Amino acid sequence: MTATPASDGSGHLEQAVYPQLAGRRVFITGGGSGIGAALVEAFARQGARVAFVDIADDASSALARRVHAAGHPRPWHRRCDVTDVAALQQAIAEAAAELGDFHVLVNNVGSDDRHALQDVTPEYWDRCVAVNQRPAFFAIQSVLPGMRRLGGGSIVNLGSNGWRIRNAGYPVYATAKSSVNGLTRGLARELGAQRIRINVVTPGWVMTERQVELWLDEEGEHEIRRNQCLPDKVWPDDIAAAVLFLASDQARAITAQEFVVDAGWS
């Protein structure tokens, strides 16, 4: 691994280089924008063969063109509603048939739309779980045969620390995303026997374009100053850096762990 300078202050982080990731195959859910797009670009810069799904087809196509124009392998992508488990598993199968079995799975997809506790209906609960919880399990189920054939792999689940943020306004989302910790620990021993590692990266308040547009006003800036130990904002590249490490051979002895990337939010 070689390292390049840290941050230029704009949110862009010069990433470390993990030579073993070159040529490895990576599948990412929710890769079309936000943290997912940062993950796609980060793995592509490592020389990995990236496949991703997202419901936003235009953003995904633009991302794939941008990555290819930068001189990296063009990512494979499909429009996919991950609430349709059969469609998600079919996309993974098609990507594997074209690229090969996947060494890395990143369960990133999520939707943190605000909702009040008293307004939650059973139907809303089911829809939220169908986006934020269920796809992780069935994506893991889909990539496991290939990882076994490869002799190992790395699964990284994206969690959430939303339950720690005052007045966050998304109790079902926070419940669903927090459940990946139980999923991770519950599978770690079974998968570990096959040299398949599984970990969680839990982001804090990440400055995606959507978050900046909707929430980063004067009050939001105050919340960051009041709650973070570090004064700097957390950017998608900061999450990608943690995921790259866990996907690499440098993390070969790490499994069943949660890595919180939130600038010390308390």
# chains A, B, ... in the order shown; residues from 1 in each chain; ligands from 1
call {"tool": "residues_around", "arguments": {"residues": "Val120 in chain A", "least_positions_apart": "5", "cutoff": "12 Å", "atoms": "only C-alpha atoms", "output": "ChimeraX atom specification"}}
result
/A:114-115,125-128,169-173
call {"tool": "residues_around", "arguments": {"residues": "Arg252 in chain A", "least_positions_apart": "6", "cutoff": "12 Å", "atoms": "only C-alpha atoms", "output": "list in words"}}
result
Gln20, Gly152, Gly153, Ser154, Ile155, Gly192, Arg195, Ile196, Arg197, Ile198, Asn199, Phe245 and Leu246 of chain A
call {"tool": "residues_around", "arguments": {"residues": "Thr175 in chain A", "least_positions_apart": "4", "cutoff": "12 Å", "atoms": "only C-alpha atoms", "output": "PyMOL selection string"}}
result
chain A and resi 112+117+125+128-129+132-133+159-164+169-171+179-182
call {"tool": "write_last_selection", "arguments": {"atoms": "C-alpha atoms", "output": "CSV table (one decimal), in the first residue's frame"}}
result
chain,number,residue,atom,x,y,z
A,112,ASP,CA,-33.1,8.0,4.8
A,117,LEU,CA,-42.8,8.0,14.8
A,125,TRP,CA,-42.3,-0.1,7.8
A,128,CYS,CA,-38.4,1.0,4.6
A,129,VAL,CA,-37.0,-2.4,5.6
A,132,ASN,CA,-32.6,-0.5,4.1
A,133,GLN,CA,-32.3,-4.0,5.5
A,159,GLY,CA,-24.6,1.0,8.7
A,160,SER,CA,-26.0,4.2,10.3
A,161,ASN,CA,-25.5,6.2,13.4
A,162,GLY,CA,-28.7,8.0,12.9
A,163,TRP,CA,-30.0,6.9,16.3
A,164,ARG,CA,-27.3,9.1,17.9
A,169,GLY,CA,-36.5,12.1,12.2
A,170,TYR,CA,-36.1,8.6,10.8
A,171,PRO,CA,-36.7,6.0,13.4
A,179,SER,CA,-29.6,-4.2,12.1
A,180,VAL,CA,-26.6,-4.8,9.8
A,181,ASN,CA,-24.5,-5.0,12.9
A,182,GLY,CA,-26.5,-8.1,14.0
call {"tool": "closest_atom_pairs", "arguments": {"of": "range 82-147 of chain A", "to": "range 53-63 of chain A", "cutoff": "9 Å", "atoms": "only C-alpha atoms", "output": "JSON lines"}}
result
{"residue": "A:Val82", "atom": "CA", "partner": "A:Ile55", "partner_atom": "CA", "distance": 7.8}
{"residue": "A:Leu88", "atom": "CA", "partner": "A:Val53", "partner_atom": "CA", "distance": 8.1}
{"residue": "A:Ala91", "atom": "CA", "partner": "A:Val53", "partner_atom": "CA", "distance": 7.7}
{"residue": "A:Ile92", "atom": "CA", "partner": "A:Val53", "partner_atom": "CA", "distance": 8.8}
{"residue": "A:Val109", "atom": "CA", "partner": "A:Asp54", "partner_atom": "CA", "distance": 8.0}
call {"tool": "residues_around", "arguments": {"residues": "Leu150 in chain A", "least_positions_apart": "2", "cutoff": "9 Å", "atoms": "only C-alpha atoms", "output": "list in words"}}
result
Asp101, Phe102, His103, Pro145, Gly146, Met147, Arg148, Gly152 and Gly153 of chain A
call {"tool": "residues_around", "arguments": {"residues": "Val67 in chain A", "least_positions_apart": "6", "cutoff": "9 Å", "atoms": "only C-alpha atoms", "output": "list in words"}}
result
Val40, Glu41, Ala44, Arg45, Pro73, Arg74 and Pro75 of chain A
call {"tool": "atom_distance", "arguments": {"atom1": "CA of Phe259 in chain A", "atom2": "CA of Val243 in chain A"}}
result
9.3 Å
call {"tool": "residues_around", "arguments": {"residues": "Val85 in chain A", "least_positions_apart": "2", "cutoff": "12 Å", "atoms": "only C-alpha atoms", "output": "list in words"}}
result
Cys80, Asp81, Val82, Thr83, Ala87, Leu88, Gln89, Gln90, Ala91, Ile92, Ala130, Val131, Gln133, Arg134, Pro135, Ala136, Phe137, Phe138, Ala139, Ile140, Gln141 and Ser142 of chain A
call {"tool": "atom_distance", "arguments": {"atom1": "CA of Thr202 in chain A", "atom2": "CA of Ala22 in chain A"}}
result
25.2 Å
call {"tool": "atom_distance", "arguments": {"atom1": "CA of Arg189 in chain A", "atom2": "CA of Glu258 in chain A"}}
result
15.2 Å
call {"tool": "select_by_dssp", "arguments": {"residues": "range 120-253 of chain A", "states": "strand (DSSP E)", "output": "number ranges by chain"}}
result
A: 153-158, 196-203
